[in-house]
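Note: the block below is protein.cif and it holds mmCIF, N, CA and C atoms.
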data_start
#
loop_
_atom_site.label_atom_id
_atom_site.label_comp_id
_atom_site.auth_asym_id
_atom_site.auth_seq_id
_atom_site.Cartn_x
_atom_site.Cartn_y
_atom_site.Cartn_z
N MET A 1 95.59 112.91 -28.30
CA MET A 1 95.13 113.35 -29.61
C MET A 1 95.16 112.16 -30.55
N LEU A 2 94.10 111.98 -31.30
CA LEU A 2 94.05 110.91 -32.29
C LEU A 2 94.55 111.44 -33.61
N SER A 3 95.19 110.59 -34.35
CA SER A 3 95.60 110.99 -35.69
C SER A 3 95.59 109.77 -36.59
N ASP A 4 94.88 109.88 -37.70
CA ASP A 4 94.86 108.77 -38.66
C ASP A 4 95.43 109.21 -40.00
N GLY A 5 96.16 110.32 -39.99
CA GLY A 5 96.76 110.82 -41.22
C GLY A 5 95.84 111.70 -42.04
N SER A 6 94.61 111.87 -41.59
CA SER A 6 93.67 112.74 -42.32
C SER A 6 93.64 114.11 -41.65
N ASP A 7 92.69 114.93 -42.08
CA ASP A 7 92.57 116.25 -41.48
C ASP A 7 91.60 116.25 -40.30
N ARG A 8 91.19 115.08 -39.86
CA ARG A 8 90.27 115.00 -38.74
C ARG A 8 90.99 115.29 -37.43
N MET A 9 90.24 115.87 -36.50
CA MET A 9 90.77 116.11 -35.16
C MET A 9 90.01 115.21 -34.21
N GLY A 10 90.69 114.68 -33.21
CA GLY A 10 90.01 113.82 -32.27
C GLY A 10 90.77 113.68 -30.97
N ARG A 11 90.01 113.33 -29.95
CA ARG A 11 90.60 113.06 -28.63
C ARG A 11 89.87 111.88 -28.01
N ARG A 12 90.59 111.13 -27.18
CA ARG A 12 90.00 109.97 -26.50
C ARG A 12 90.45 109.96 -25.05
N TRP A 13 89.53 109.61 -24.17
CA TRP A 13 89.82 109.53 -22.75
C TRP A 13 89.20 108.26 -22.18
N ARG A 14 89.82 107.73 -21.13
CA ARG A 14 89.27 106.59 -20.39
C ARG A 14 88.66 107.16 -19.11
N LEU A 15 87.39 106.83 -18.86
CA LEU A 15 86.68 107.32 -17.68
C LEU A 15 86.35 106.14 -16.77
N THR A 16 86.55 106.32 -15.48
CA THR A 16 86.21 105.28 -14.51
C THR A 16 84.72 105.35 -14.19
N PRO A 17 84.14 104.24 -13.72
CA PRO A 17 82.70 104.22 -13.44
C PRO A 17 82.36 104.90 -12.11
N GLU A 18 82.63 106.16 -12.04
CA GLU A 18 82.38 106.96 -10.84
C GLU A 18 81.19 107.89 -11.09
N PRO A 19 80.49 108.31 -10.05
CA PRO A 19 79.36 109.23 -10.24
C PRO A 19 79.75 110.55 -10.92
N THR A 20 81.02 110.91 -10.87
CA THR A 20 81.47 112.17 -11.47
C THR A 20 81.88 112.02 -12.94
N ALA A 21 81.75 110.83 -13.51
CA ALA A 21 82.22 110.58 -14.88
C ALA A 21 81.52 111.47 -15.91
N ALA A 22 80.21 111.67 -15.78
CA ALA A 22 79.49 112.50 -16.76
C ALA A 22 79.96 113.96 -16.66
N ARG A 23 80.20 114.44 -15.46
CA ARG A 23 80.70 115.81 -15.30
C ARG A 23 82.09 115.96 -15.92
N LEU A 24 82.95 114.97 -15.71
CA LEU A 24 84.28 114.99 -16.31
C LEU A 24 84.17 114.95 -17.83
N ALA A 25 83.27 114.12 -18.35
CA ALA A 25 83.07 114.04 -19.81
C ALA A 25 82.71 115.41 -20.37
N ARG A 26 81.82 116.12 -19.70
CA ARG A 26 81.42 117.47 -20.17
C ARG A 26 82.63 118.41 -20.18
N ARG A 27 83.43 118.36 -19.14
CA ARG A 27 84.60 119.24 -19.07
C ARG A 27 85.57 118.93 -20.21
N LEU A 28 85.79 117.66 -20.49
CA LEU A 28 86.72 117.26 -21.55
C LEU A 28 86.18 117.66 -22.93
N ILE A 29 84.90 117.44 -23.17
CA ILE A 29 84.30 117.82 -24.45
C ILE A 29 84.36 119.34 -24.63
N ARG A 30 84.03 120.07 -23.58
CA ARG A 30 84.06 121.55 -23.66
C ARG A 30 85.46 122.03 -24.01
N SER A 31 86.47 121.44 -23.42
CA SER A 31 87.85 121.84 -23.69
C SER A 31 88.22 121.55 -25.15
N ALA A 32 87.85 120.38 -25.66
CA ALA A 32 88.15 120.05 -27.06
C ALA A 32 87.43 121.01 -28.00
N CYS A 33 86.16 121.28 -27.72
CA CYS A 33 85.39 122.20 -28.57
C CYS A 33 86.03 123.59 -28.59
N ARG A 34 86.48 124.04 -27.44
CA ARG A 34 87.12 125.36 -27.36
C ARG A 34 88.42 125.36 -28.17
N ASP A 35 89.22 124.30 -28.02
CA ASP A 35 90.49 124.21 -28.75
C ASP A 35 90.28 124.16 -30.26
N TRP A 36 89.20 123.55 -30.71
CA TRP A 36 88.93 123.40 -32.14
C TRP A 36 88.00 124.48 -32.69
N ALA A 37 87.62 125.45 -31.85
CA ALA A 37 86.71 126.54 -32.25
C ALA A 37 85.38 126.00 -32.79
N VAL A 38 84.85 124.97 -32.13
CA VAL A 38 83.55 124.41 -32.50
C VAL A 38 82.48 125.39 -32.03
N HIS A 39 81.51 125.66 -32.88
CA HIS A 39 80.41 126.58 -32.58
C HIS A 39 79.75 126.20 -31.25
N ASP A 40 79.37 127.21 -30.46
CA ASP A 40 78.78 126.98 -29.14
C ASP A 40 77.57 126.06 -29.18
N SER A 41 76.71 126.20 -30.19
CA SER A 41 75.50 125.36 -30.23
C SER A 41 75.87 123.89 -30.43
N ALA A 42 76.82 123.61 -31.32
CA ALA A 42 77.25 122.23 -31.54
C ALA A 42 77.94 121.68 -30.29
N CYS A 43 78.72 122.50 -29.64
CA CYS A 43 79.39 122.07 -28.42
C CYS A 43 78.36 121.76 -27.34
N GLY A 44 77.37 122.61 -27.20
CA GLY A 44 76.32 122.37 -26.20
C GLY A 44 75.59 121.07 -26.44
N GLU A 45 75.29 120.77 -27.70
CA GLU A 45 74.63 119.51 -28.03
C GLU A 45 75.55 118.32 -27.75
N ALA A 46 76.83 118.47 -28.03
CA ALA A 46 77.80 117.41 -27.75
C ALA A 46 77.89 117.15 -26.25
N LEU A 47 77.78 118.19 -25.44
CA LEU A 47 77.81 118.02 -23.99
C LEU A 47 76.62 117.19 -23.52
N VAL A 48 75.45 117.47 -24.08
CA VAL A 48 74.24 116.72 -23.71
C VAL A 48 74.38 115.26 -24.14
N VAL A 49 74.80 115.04 -25.38
CA VAL A 49 74.94 113.68 -25.90
C VAL A 49 75.97 112.89 -25.08
N ALA A 50 77.11 113.48 -24.81
CA ALA A 50 78.15 112.79 -24.02
C ALA A 50 77.61 112.44 -22.63
N THR A 51 76.90 113.37 -22.01
CA THR A 51 76.32 113.11 -20.70
C THR A 51 75.37 111.92 -20.74
N GLU A 52 74.49 111.90 -21.73
CA GLU A 52 73.53 110.80 -21.86
C GLU A 52 74.23 109.47 -22.09
N LEU A 53 75.22 109.43 -22.97
CA LEU A 53 75.89 108.18 -23.29
C LEU A 53 76.75 107.67 -22.14
N VAL A 54 77.46 108.56 -21.46
CA VAL A 54 78.28 108.15 -20.31
C VAL A 54 77.36 107.68 -19.18
N THR A 55 76.28 108.38 -18.94
CA THR A 55 75.33 107.98 -17.90
C THR A 55 74.74 106.61 -18.21
N ASN A 56 74.47 106.36 -19.48
CA ASN A 56 73.96 105.06 -19.90
C ASN A 56 74.95 103.95 -19.52
N VAL A 57 76.24 104.18 -19.76
CA VAL A 57 77.25 103.19 -19.39
C VAL A 57 77.27 102.99 -17.88
N LEU A 58 77.23 104.07 -17.13
CA LEU A 58 77.27 103.96 -15.67
C LEU A 58 76.07 103.17 -15.14
N GLN A 59 74.88 103.44 -15.69
CA GLN A 59 73.66 102.80 -15.19
C GLN A 59 73.51 101.36 -15.65
N HIS A 60 73.93 101.05 -16.87
CA HIS A 60 73.62 99.74 -17.43
C HIS A 60 74.82 98.80 -17.53
N ALA A 61 75.98 99.31 -17.83
CA ALA A 61 77.16 98.45 -17.96
C ALA A 61 77.98 98.44 -16.67
N GLY A 62 78.10 99.60 -16.03
CA GLY A 62 78.86 99.70 -14.79
C GLY A 62 80.35 99.51 -14.97
N THR A 63 80.85 99.73 -16.18
CA THR A 63 82.27 99.52 -16.45
C THR A 63 82.96 100.86 -16.74
N GLU A 64 84.27 100.80 -16.87
CA GLU A 64 84.99 101.94 -17.42
C GLU A 64 84.43 102.20 -18.81
N CYS A 65 84.68 103.40 -19.30
CA CYS A 65 84.29 103.68 -20.68
C CYS A 65 85.34 104.55 -21.34
N GLU A 66 85.36 104.49 -22.66
CA GLU A 66 86.21 105.37 -23.45
C GLU A 66 85.32 106.38 -24.12
N LEU A 67 85.64 107.64 -23.92
CA LEU A 67 84.92 108.75 -24.54
C LEU A 67 85.81 109.29 -25.65
N THR A 68 85.26 109.37 -26.85
CA THR A 68 85.99 109.90 -27.99
C THR A 68 85.17 111.01 -28.61
N VAL A 69 85.83 112.08 -28.99
CA VAL A 69 85.18 113.15 -29.75
C VAL A 69 86.08 113.46 -30.94
N LYS A 70 85.43 113.62 -32.11
CA LYS A 70 86.18 113.87 -33.35
C LYS A 70 85.44 114.89 -34.19
N VAL A 71 86.18 115.70 -34.89
CA VAL A 71 85.61 116.55 -35.92
C VAL A 71 85.87 115.83 -37.24
N GLU A 72 84.79 115.51 -37.93
CA GLU A 72 84.87 114.81 -39.21
C GLU A 72 84.09 115.59 -40.25
N SER A 73 84.18 115.17 -41.48
CA SER A 73 83.45 115.85 -42.55
C SER A 73 81.95 115.79 -42.33
N GLU A 74 81.45 114.73 -41.68
CA GLU A 74 80.02 114.60 -41.43
C GLU A 74 79.54 115.46 -40.27
N GLY A 75 80.44 115.85 -39.37
CA GLY A 75 80.07 116.65 -38.21
C GLY A 75 80.93 116.29 -37.01
N LEU A 76 80.43 116.61 -35.85
CA LEU A 76 81.12 116.34 -34.60
C LEU A 76 80.65 114.98 -34.10
N ARG A 77 81.58 114.04 -34.02
CA ARG A 77 81.23 112.66 -33.64
C ARG A 77 81.60 112.43 -32.18
N VAL A 78 80.64 111.94 -31.41
CA VAL A 78 80.84 111.60 -30.00
C VAL A 78 80.63 110.09 -29.88
N GLU A 79 81.60 109.41 -29.28
CA GLU A 79 81.53 107.97 -29.09
C GLU A 79 81.78 107.65 -27.63
N VAL A 80 81.04 106.67 -27.12
CA VAL A 80 81.28 106.16 -25.78
C VAL A 80 81.27 104.64 -25.87
N ARG A 81 82.38 104.04 -25.48
CA ARG A 81 82.53 102.58 -25.55
C ARG A 81 82.54 102.02 -24.15
N ASP A 82 81.73 100.98 -23.92
CA ASP A 82 81.75 100.31 -22.62
C ASP A 82 82.45 98.96 -22.77
N PHE A 83 82.60 98.25 -21.67
CA PHE A 83 83.30 96.97 -21.66
C PHE A 83 82.43 95.89 -21.01
N HIS A 84 81.15 95.88 -21.37
CA HIS A 84 80.20 94.90 -20.84
C HIS A 84 79.45 94.29 -22.02
N PRO A 85 79.63 92.99 -22.26
CA PRO A 85 78.98 92.36 -23.42
C PRO A 85 77.50 92.08 -23.18
N SER A 86 76.72 93.12 -23.09
CA SER A 86 75.28 92.99 -22.91
C SER A 86 74.58 93.39 -24.21
N PRO A 87 73.30 93.10 -24.32
CA PRO A 87 72.60 93.51 -25.54
C PRO A 87 72.66 95.02 -25.73
N PRO A 88 72.64 95.47 -26.97
CA PRO A 88 72.69 96.92 -27.21
C PRO A 88 71.43 97.60 -26.69
N PRO A 89 71.55 98.86 -26.29
CA PRO A 89 70.37 99.58 -25.81
C PRO A 89 69.40 99.85 -26.97
N ARG A 90 68.17 100.10 -26.61
CA ARG A 90 67.14 100.42 -27.60
C ARG A 90 66.39 101.65 -27.13
N LEU A 91 65.70 102.27 -28.04
CA LEU A 91 64.87 103.41 -27.66
C LEU A 91 63.74 102.91 -26.78
N PRO A 92 63.53 103.53 -25.62
CA PRO A 92 62.46 103.08 -24.73
C PRO A 92 61.08 103.46 -25.25
N THR A 93 60.10 102.74 -24.77
CA THR A 93 58.71 103.06 -25.09
C THR A 93 58.29 104.29 -24.28
N PRO A 94 57.18 104.95 -24.67
CA PRO A 94 56.73 106.12 -23.89
C PRO A 94 56.53 105.82 -22.40
N LYS A 95 56.04 104.64 -22.06
CA LYS A 95 55.86 104.28 -20.65
C LYS A 95 57.21 104.24 -19.93
N GLU A 96 58.23 103.71 -20.63
CA GLU A 96 59.57 103.62 -20.03
C GLU A 96 60.22 104.99 -19.87
N TRP A 97 59.85 105.97 -20.73
CA TRP A 97 60.41 107.32 -20.59
C TRP A 97 60.12 107.87 -19.21
N ILE A 98 58.90 107.66 -18.78
CA ILE A 98 58.47 108.20 -17.48
C ILE A 98 59.30 107.59 -16.37
N GLN A 99 59.58 106.30 -16.48
CA GLN A 99 60.31 105.60 -15.42
C GLN A 99 61.82 105.82 -15.50
N ARG A 100 62.37 105.91 -16.73
CA ARG A 100 63.83 105.90 -16.88
C ARG A 100 64.42 107.15 -17.50
N GLY A 101 63.64 108.00 -18.09
CA GLY A 101 64.20 109.20 -18.69
C GLY A 101 64.22 109.15 -20.20
N TRP A 102 64.76 110.20 -20.78
CA TRP A 102 64.72 110.43 -22.23
C TRP A 102 66.02 110.12 -22.93
N GLY A 103 67.06 109.70 -22.25
CA GLY A 103 68.40 109.46 -22.74
C GLY A 103 68.60 109.29 -24.23
N LEU A 104 68.28 108.12 -24.76
CA LEU A 104 68.56 107.86 -26.17
C LEU A 104 67.67 108.66 -27.11
N HIS A 105 66.48 109.05 -26.64
CA HIS A 105 65.64 109.92 -27.47
C HIS A 105 66.31 111.28 -27.66
N VAL A 106 66.91 111.78 -26.62
CA VAL A 106 67.63 113.06 -26.72
C VAL A 106 68.79 112.91 -27.71
N VAL A 107 69.52 111.83 -27.60
CA VAL A 107 70.64 111.57 -28.52
C VAL A 107 70.12 111.54 -29.95
N ALA A 108 69.02 110.82 -30.18
CA ALA A 108 68.45 110.71 -31.53
C ALA A 108 67.97 112.06 -32.05
N LEU A 109 67.39 112.88 -31.20
CA LEU A 109 66.88 114.18 -31.63
C LEU A 109 68.00 115.17 -31.97
N LEU A 110 69.09 115.11 -31.25
CA LEU A 110 70.18 116.07 -31.46
C LEU A 110 71.12 115.68 -32.59
N SER A 111 71.15 114.41 -32.94
CA SER A 111 72.14 113.95 -33.91
C SER A 111 71.55 113.74 -35.30
N THR A 112 72.42 113.83 -36.29
CA THR A 112 72.01 113.53 -37.66
C THR A 112 72.08 112.02 -37.91
N GLN A 113 72.93 111.35 -37.15
CA GLN A 113 73.07 109.90 -37.20
C GLN A 113 73.47 109.44 -35.81
N TRP A 114 73.04 108.26 -35.44
CA TRP A 114 73.50 107.66 -34.19
C TRP A 114 73.32 106.15 -34.30
N GLY A 115 74.02 105.42 -33.44
CA GLY A 115 73.88 103.98 -33.47
C GLY A 115 74.70 103.29 -32.41
N VAL A 116 74.66 101.97 -32.49
CA VAL A 116 75.39 101.12 -31.56
C VAL A 116 76.16 100.10 -32.38
N THR A 117 77.42 99.93 -32.05
CA THR A 117 78.25 98.90 -32.67
C THR A 117 78.57 97.88 -31.60
N GLU A 118 78.14 96.64 -31.81
CA GLU A 118 78.43 95.59 -30.84
C GLU A 118 79.87 95.10 -31.03
N LEU A 119 80.55 94.89 -29.92
CA LEU A 119 81.93 94.42 -29.90
C LEU A 119 81.99 93.14 -29.07
N ALA A 120 83.04 92.37 -29.20
CA ALA A 120 83.16 91.12 -28.46
C ALA A 120 83.11 91.33 -26.95
N ASP A 121 83.66 92.45 -26.48
CA ASP A 121 83.73 92.71 -25.04
C ASP A 121 82.97 93.96 -24.62
N GLY A 122 81.97 94.36 -25.39
CA GLY A 122 81.19 95.53 -25.02
C GLY A 122 80.47 96.10 -26.22
N LYS A 123 80.28 97.40 -26.21
CA LYS A 123 79.61 98.07 -27.32
C LYS A 123 80.07 99.52 -27.40
N LEU A 124 79.86 100.08 -28.57
CA LEU A 124 80.22 101.47 -28.84
C LEU A 124 78.95 102.20 -29.25
N LEU A 125 78.55 103.18 -28.47
CA LEU A 125 77.43 104.04 -28.82
C LEU A 125 78.01 105.31 -29.42
N TRP A 126 77.45 105.76 -30.52
CA TRP A 126 78.01 106.92 -31.21
C TRP A 126 76.90 107.81 -31.74
N ALA A 127 77.24 109.06 -31.91
CA ALA A 127 76.31 110.04 -32.48
C ALA A 127 77.12 111.06 -33.27
N VAL A 128 76.54 111.52 -34.38
CA VAL A 128 77.16 112.56 -35.19
C VAL A 128 76.26 113.79 -35.11
N LEU A 129 76.85 114.89 -34.70
CA LEU A 129 76.11 116.14 -34.52
C LEU A 129 76.48 117.11 -35.64
N PRO A 130 75.51 117.86 -36.13
CA PRO A 130 75.81 118.80 -37.20
C PRO A 130 76.70 119.94 -36.70
N LEU A 131 77.60 120.36 -37.55
CA LEU A 131 78.43 121.53 -37.26
C LEU A 131 77.92 122.69 -38.10
N PRO A 132 77.50 123.78 -37.47
CA PRO A 132 77.03 124.93 -38.26
C PRO A 132 78.14 125.45 -39.17
N ALA A 133 77.73 125.92 -40.32
CA ALA A 133 78.70 126.51 -41.24
C ALA A 133 79.28 127.77 -40.59
N SER A 134 80.54 127.96 -40.81
CA SER A 134 81.17 129.17 -40.28
C SER A 134 80.63 130.38 -41.00
N PRO A 135 80.42 131.47 -40.28
CA PRO A 135 79.97 132.67 -40.96
C PRO A 135 81.05 133.19 -41.90
N PRO A 136 80.66 133.81 -42.99
CA PRO A 136 81.68 134.33 -43.90
C PRO A 136 82.52 135.40 -43.23
N ALA A 137 83.77 135.45 -43.63
CA ALA A 137 84.68 136.46 -43.07
C ALA A 137 84.23 137.85 -43.55
N PRO A 138 84.36 138.85 -42.68
CA PRO A 138 83.97 140.20 -43.11
C PRO A 138 84.84 140.68 -44.26
N ARG A 139 84.23 141.38 -45.16
CA ARG A 139 84.98 141.94 -46.32
C ARG A 139 85.49 143.32 -45.98
N PRO A 140 86.71 143.61 -46.42
CA PRO A 140 87.23 144.97 -46.19
C PRO A 140 86.44 145.96 -47.05
N HIS A 141 86.30 147.16 -46.54
CA HIS A 141 85.56 148.21 -47.26
C HIS A 141 86.43 148.96 -48.22
#
Would you encode the structure as structure tokens?
Amino acid sequence: MLSDGSDRMGRRWRLTPEPTAARLARRLIRSACRDWAVHDSACGEALVVATELVTNVLQHAGTECELTVKVESEGLRVEVRDFHPSPPPRLPTPKEWIQRGWGLHVVALLSTQWGVTELADGKLLWAVLPLPASPPAPRPH
């Protein structure tokens, strides 16, 4: 559990570069969402984003990665950090979609914000997903 003294909730895990890493990431995100009572639609989108970002690390960096999920005032933040100092990924052209898939386009479509932070020994890909407003509590009659 992460704690920075604020009211934010967060968790971080280290994933090995195994073919099962994306599946494990989904299981971990689902568990955090359930524990924090995150709306099913936001959790579903976080599962897709985490899968895309972890798969990106497996395919392009081939290193361990750190998966972080946090509930913040802006929304549900998903981060995946790799340990390979390569150029940051970019959105592929339409021709490249056919050959390589929709990965970062899906991340961009589902998130209100996303980006890449370059680090000395790798990079951090992150996305912020909207959290639906909680429905109002029922009023007593």
Residues near Ala46 of chain A, anyone? I mean within 8 Å using all atoms listed in the file, not counting same-chain ones fewer than 3 positions away, as a PyMOL selection string. chain A and resi 25-26+29-30+40-43+49-52+76-78+110+129
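The space separating atom CA of Arg14 of chain A from atom CA of Leu67 of chain A comes to 6.4 Å.
Atom N of Leu47 of chain A lies 13.9 Å from atom N of Arg11 of chain A.
Taking atom N of Cys65 of chain A and atom N of Gly115 of chain A as endpoints, the distance between them is 17.8 Å.
Shortest atom-to-atom contact with Glu66 of chain A among A:Val128, A:Arg81, A:Trp36, A:Leu119: A:Arg81, counting only C-alpha atoms.
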Could you check which of A:His105, A:Lys70, A:Gln113, A:Ala133 is closest to Met9 of chain A, using only N, CA and C atoms? A:Lys70
Enumerate, as a short mmCIF file (atom, residue, chain, number, x, y, z; two decimals) with N, CA and C atoms, in the coordinates of the input, the complete set of residues in segment 7-133 of chain A that a backbone-based DSSP assignment places in helix (DSSP H, G or I).
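Result file selection.cif:
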data_model
loop_
_atom_site.label_atom_id
_atom_site.label_comp_id
_atom_site.auth_asym_id
_atom_site.auth_seq_id
_atom_site.Cartn_x
_atom_site.Cartn_y
_atom_site.Cartn_z
N ALA A 21 81.75 110.83 -13.51
CA ALA A 21 82.22 110.58 -14.88
C ALA A 21 81.52 111.47 -15.91
N ALA A 22 80.21 111.67 -15.78
CA ALA A 22 79.49 112.50 -16.76
C ALA A 22 79.96 113.96 -16.66
N ARG A 23 80.20 114.44 -15.46
CA ARG A 23 80.70 115.81 -15.30
C ARG A 23 82.09 115.96 -15.92
N LEU A 24 82.95 114.97 -15.71
CA LEU A 24 84.28 114.99 -16.31
C LEU A 24 84.17 114.95 -17.83
N ALA A 25 83.27 114.12 -18.35
CA ALA A 25 83.07 114.04 -19.81
C ALA A 25 82.71 115.41 -20.37
N ARG A 26 81.82 116.12 -19.70
CA ARG A 26 81.42 117.47 -20.17
C ARG A 26 82.63 118.41 -20.18
N ARG A 27 83.43 118.36 -19.14
CA ARG A 27 84.60 119.24 -19.07
C ARG A 27 85.57 118.93 -20.21
N LEU A 28 85.79 117.66 -20.49
CA LEU A 28 86.72 117.26 -21.55
C LEU A 28 86.18 117.66 -22.93
N ILE A 29 84.90 117.44 -23.17
CA ILE A 29 84.30 117.82 -24.45
C ILE A 29 84.36 119.34 -24.63
N ARG A 30 84.03 120.07 -23.58
CA ARG A 30 84.06 121.55 -23.66
C ARG A 30 85.46 122.03 -24.01
N SER A 31 86.47 121.44 -23.42
CA SER A 31 87.85 121.84 -23.69
C SER A 31 88.22 121.55 -25.15
N ALA A 32 87.85 120.38 -25.66
CA ALA A 32 88.15 120.05 -27.06
C ALA A 32 87.43 121.01 -28.00
N CYS A 33 86.16 121.28 -27.72
CA CYS A 33 85.39 122.20 -28.57
C CYS A 33 86.03 123.59 -28.59
N ARG A 34 86.48 124.04 -27.44
CA ARG A 34 87.12 125.36 -27.36
C ARG A 34 88.42 125.36 -28.17
N ASP A 35 89.22 124.30 -28.02
CA ASP A 35 90.49 124.21 -28.75
C ASP A 35 90.28 124.16 -30.26
N ASP A 40 79.37 127.21 -30.46
CA ASP A 40 78.78 126.98 -29.14
C ASP A 40 77.57 126.06 -29.18
N SER A 41 76.71 126.20 -30.19
CA SER A 41 75.50 125.36 -30.23
C SER A 41 75.87 123.89 -30.43
N ALA A 42 76.82 123.61 -31.32
CA ALA A 42 77.25 122.23 -31.54
C ALA A 42 77.94 121.68 -30.29
N CYS A 43 78.72 122.50 -29.64
CA CYS A 43 79.39 122.07 -28.42
C CYS A 43 78.36 121.76 -27.34
N GLY A 44 77.37 122.61 -27.20
CA GLY A 44 76.32 122.37 -26.20
C GLY A 44 75.59 121.07 -26.44
N GLU A 45 75.29 120.77 -27.70
CA GLU A 45 74.63 119.51 -28.03
C GLU A 45 75.55 118.32 -27.75
N ALA A 46 76.83 118.47 -28.03
CA ALA A 46 77.80 117.41 -27.75
C ALA A 46 77.89 117.15 -26.25
N LEU A 47 77.78 118.19 -25.44
CA LEU A 47 77.81 118.02 -23.99
C LEU A 47 76.62 117.19 -23.52
N VAL A 48 75.45 117.47 -24.08
CA VAL A 48 74.24 116.72 -23.71
C VAL A 48 74.38 115.26 -24.14
N VAL A 49 74.80 115.04 -25.38
CA VAL A 49 74.94 113.68 -25.90
C VAL A 49 75.97 112.89 -25.08
N ALA A 50 77.11 113.48 -24.81
CA ALA A 50 78.15 112.79 -24.02
C ALA A 50 77.61 112.44 -22.63
N THR A 51 76.90 113.37 -22.01
CA THR A 51 76.32 113.11 -20.70
C THR A 51 75.37 111.92 -20.74
N GLU A 52 74.49 111.90 -21.73
CA GLU A 52 73.53 110.80 -21.86
C GLU A 52 74.23 109.47 -22.09
N LEU A 53 75.22 109.43 -22.97
CA LEU A 53 75.89 108.18 -23.29
C LEU A 53 76.75 107.67 -22.14
N VAL A 54 77.46 108.56 -21.46
CA VAL A 54 78.28 108.15 -20.31
C VAL A 54 77.36 107.68 -19.18
N THR A 55 76.28 108.38 -18.94
CA THR A 55 75.33 107.98 -17.90
C THR A 55 74.74 106.61 -18.21
N ASN A 56 74.47 106.36 -19.48
CA ASN A 56 73.96 105.06 -19.90
C ASN A 56 74.95 103.95 -19.52
N VAL A 57 76.24 104.18 -19.76
CA VAL A 57 77.25 103.19 -19.39
C VAL A 57 77.27 102.99 -17.88
N LEU A 58 77.23 104.07 -17.13
CA LEU A 58 77.27 103.96 -15.67
C LEU A 58 76.07 103.17 -15.14
N GLN A 59 74.88 103.44 -15.69
CA GLN A 59 73.66 102.80 -15.19
C GLN A 59 73.51 101.36 -15.65
N HIS A 60 73.93 101.05 -16.87
CA HIS A 60 73.62 99.74 -17.43
C HIS A 60 74.82 98.80 -17.53
N ALA A 61 75.98 99.31 -17.83
CA ALA A 61 77.16 98.45 -17.96
C ALA A 61 77.98 98.44 -16.67
N PRO A 94 57.18 104.95 -24.67
CA PRO A 94 56.73 106.12 -23.89
C PRO A 94 56.53 105.82 -22.40
N LYS A 95 56.04 104.64 -22.06
CA LYS A 95 55.86 104.28 -20.65
C LYS A 95 57.21 104.24 -19.93
N GLU A 96 58.23 103.71 -20.63
CA GLU A 96 59.57 103.62 -20.03
C GLU A 96 60.22 104.99 -19.87
N TRP A 97 59.85 105.97 -20.73
CA TRP A 97 60.41 107.32 -20.59
C TRP A 97 60.12 107.87 -19.21
N ILE A 98 58.90 107.66 -18.78
CA ILE A 98 58.47 108.20 -17.48
C ILE A 98 59.30 107.59 -16.37
N GLN A 99 59.58 106.30 -16.48
CA GLN A 99 60.31 105.60 -15.42
C GLN A 99 61.82 105.82 -15.50
N ARG A 100 62.37 105.91 -16.73
CA ARG A 100 63.83 105.90 -16.88
C ARG A 100 64.42 107.15 -17.50
N GLY A 103 67.06 109.70 -22.25
CA GLY A 103 68.40 109.46 -22.74
C GLY A 103 68.60 109.29 -24.23
N LEU A 104 68.28 108.12 -24.76
CA LEU A 104 68.56 107.86 -26.17
C LEU A 104 67.67 108.66 -27.11
N HIS A 105 66.48 109.05 -26.64
CA HIS A 105 65.64 109.92 -27.47
C HIS A 105 66.31 111.28 -27.66
N VAL A 106 66.91 111.78 -26.62
CA VAL A 106 67.63 113.06 -26.72
C VAL A 106 68.79 112.91 -27.71
N VAL A 107 69.52 111.83 -27.60
CA VAL A 107 70.64 111.57 -28.52
C VAL A 107 70.12 111.54 -29.95
N ALA A 108 69.02 110.82 -30.18
CA ALA A 108 68.45 110.71 -31.53
C ALA A 108 67.97 112.06 -32.05
N LEU A 109 67.39 112.88 -31.20
CA LEU A 109 66.88 114.18 -31.63
C LEU A 109 68.00 115.17 -31.97
N LEU A 110 69.09 115.11 -31.25
CA LEU A 110 70.18 116.07 -31.46
C LEU A 110 71.12 115.68 -32.59
#
The PyMOL selection byres ((chain A and resi 120-124) around 5) resolved against shown file, as a ChimeraX atom specification: /A:80-85,116-119,125-126
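Remark: for Ala108 of chain A, the closest of the candidate residues A:Leu15, A:Ala127, A:Ala61, A:Leu53 is A:Ala127 (distances computed over only C-alpha atoms).
Take the candidates A:Val54, A:Arg23, A:Thr112, A:Ala32 and check each one against Val69 of chain A using only N, CA and C atoms; the shortest distance goes to A:Ala32.
Of the listed residues (A:Gly10, A:Leu58, A:Asp35, A:Pro130), A:Pro130 comes nearest to Glu74 of chain A; the distances count only N, CA and C atoms.
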